Amino acid sequence: MTHPYATEGYARSLGHWGDAFHVPEWGSYVMLREIPGGVDAAGTYPIAVLAPGADVAAGLERLRRSGVVSITLVLDDFNRPSLDELGRCFQVINRFKTHYLRRGAMPFSYGKHHRYEVRRAAKRVTVRPFALADHAGEWSTLYAGLVRRLGLTGVHDFPPAHHEALQQLGGLTSIGAWLNDELVCAHLWVSDGRHVHSHLAASSGAGYEAGAAYAVYDASIRHFSEAELINFGGGAGIGDDPDDGLARFKRGFANDRASAYLCGAILDAGLYDKLVRQKGVPPDTLYFPAYRARTD
């Protein structure tokens, strides 16, 4: 099956971030974003997916001919060509984040802390899969609360169109926790038939107090017991701090880990360099594309 993140409908749901652009050589879409004098491109959230056998160079050439200044992709370890092939096509390939994985659901064992929290939460909440369309309003309320609490902006501040598209997205599974008939925690997962990827999750204040996310993760692992692997993703923000609270939480359910990679290619060197100079970015910045780096 086509990976859900590689479909047109999914890409178009990210319209707040850019315009969907089909790259048939990759079997997927990228998002075009306006910049002074042109456009650049980025992969879909949370990862870009390149189809098996993707012609990386031909896809980059299509983007170059379309006037794209640079392209940035975040690729996981399971939906990408080899690092050697990527290295022949991209000027930048950096380890971006550690992704925490669960390979094989049995046995359902965690460390002492997570075992305690799962048992505690299971006594307080009821957990089950649910149809997102049947609880769209409740989910939107949960996620809006997360946006306010963390001050999320940019791609993470998803518009209603994204949440509506998720209701129709093939491969989406929603698992939630209820407390006194109120949805207090929900996690949305996306599957390509083999691998399951964490998409979005949110809890209310009551959900946090009840530790509902522990029960939802445990139920999700059991639900996807036949999957080859579950990718919980990484820690918060763009850093890769293993002591980050979210990273510790995910690591407690994981039995493996893998790297995600940030890949960048400059397709119009003249305009790229001009934008960097105009931005006044330090020449040693590791941020890509450099003209999008913060200078304050």
# chains A, B, ... in the order shown; residues from 1 in each chain; ligands from 1

call {"tool": "residues_around", "arguments": {"residues": "segment 167-172 of chain A", "least_positions_apart": "5", "cutoff": "6 Å", "atoms": "only C-alpha atoms", "output": "JSON, numbers by chain"}}
result
{"A": [132, 133, 189, 190, 191]}

call {"tool": "residues_around", "arguments": {"residues": "Asn180 of chain A", "least_positions_apart": "3", "cutoff": "12 Å", "atoms": "only C-alpha atoms", "output": "number ranges by chain"}}
result
A: 124-127, 177, 183-184, 206-207, 210

call {"tool": "atom_distance", "arguments": {"atom1": "atom CA of Ile93 of chain A", "atom2": "atom CA of Cys263 of chain A"}}
result
4.5 Å

call {"tool": "select_by_dssp", "arguments": {"residues": "segment 39-234 of chain A", "states": "strand (DSSP E)", "output": "MDAnalysis selection string"}}
result
chainID A and resid 39:43 68:75 92:102 126:130 172:179 182:191 195:203 229:233

call {"tool": "residues_around", "arguments": {"residues": "Ala236 of chain A", "least_positions_apart": "6", "cutoff": "10 Å", "atoms": "only C-alpha atoms", "output": "ChimeraX atom specification"}}
result
/A:97,244-247

call {"tool": "write_last_selection", "arguments": {"atoms": "C-alpha atoms", "output": "short mmCIF file (atom, residue, chain, number, x, y, z; two decimals), in the first residue's frame"}}
result
data_model
loop_
_atom_site.label_atom_id
_atom_site.label_comp_id
_atom_site.auth_asym_id
_atom_site.auth_seq_id
_atom_site.Cartn_x
_atom_site.Cartn_y
_atom_site.Cartn_z
CA LYS A 97 16.77 12.68 16.26
CA ASP A 244 13.98 15.30 27.85
CA GLY A 245 10.79 14.24 29.65
CA LEU A 246 9.06 13.06 26.48
CA ALA A 247 12.13 11.07 25.43
#

call {"tool": "select_by_dssp", "arguments": {"residues": "segment 103-283 of chain A", "states": "helix (DSSP H, G or I)", "output": "ChimeraX atom specification"}}
result
/A:112-122,132-150,154-156,160-168,205-210,212-223,245-251,269-279

call {"tool": "atom_distance", "arguments": {"atom1": "atom CA of Ala227 of chain A", "atom2": "atom CA of Asp76 of chain A"}}
result
16.9 Å

call {"tool": "decode", "arguments": {"residues": "segment 82-110 of chain A", "atoms": "C-alpha atoms", "output": "tab-separated table (two decimals), in the first residue's frame"}}
result
chain	number	residue	atom	x	y	z
A	82	SER	CA	20.51	3.99	1.48
A	83	LEU	CA	22.65	6.64	3.13
A	84	ASP	CA	25.20	6.14	0.35
A	85	GLU	CA	22.63	7.08	-2.30
A	86	LEU	CA	21.38	10.02	-0.25
A	87	GLY	CA	24.99	11.16	0.17
A	88	ARG	CA	25.44	11.32	-3.58
A	89	CYS	CA	22.46	13.66	-3.92
A	90	PHE	CA	22.25	15.81	-0.78
A	91	GLN	CA	24.91	18.20	0.50
A	92	VAL	CA	23.64	17.85	4.07
A	93	ILE	CA	22.90	14.58	5.85
A	94	ASN	CA	22.77	14.95	9.62
A	95	ARG	CA	21.53	12.66	12.31
A	96	PHE	CA	18.50	14.58	13.48
A	97	LYS	CA	16.77	12.68	16.26
A	98	THR	CA	16.70	9.37	18.03
A	99	HIS	CA	13.43	7.56	17.37
A	100	TYR	CA	12.29	5.13	20.05
A	101	LEU	CA	10.91	1.86	18.71
A	102	ARG	CA	8.98	-1.17	19.84
A	103	ARG	CA	9.84	-4.28	17.83
A	104	GLY	CA	7.45	-7.14	18.51
A	105	ALA	CA	4.81	-6.62	21.15
A	106	MET	CA	5.51	-9.68	23.29
A	107	PRO	CA	6.27	-9.73	26.11
A	108	PHE	CA	4.43	-6.66	27.33
A	109	SER	CA	7.14	-5.78	29.85
A	110	TYR	CA	8.51	-2.39	30.83
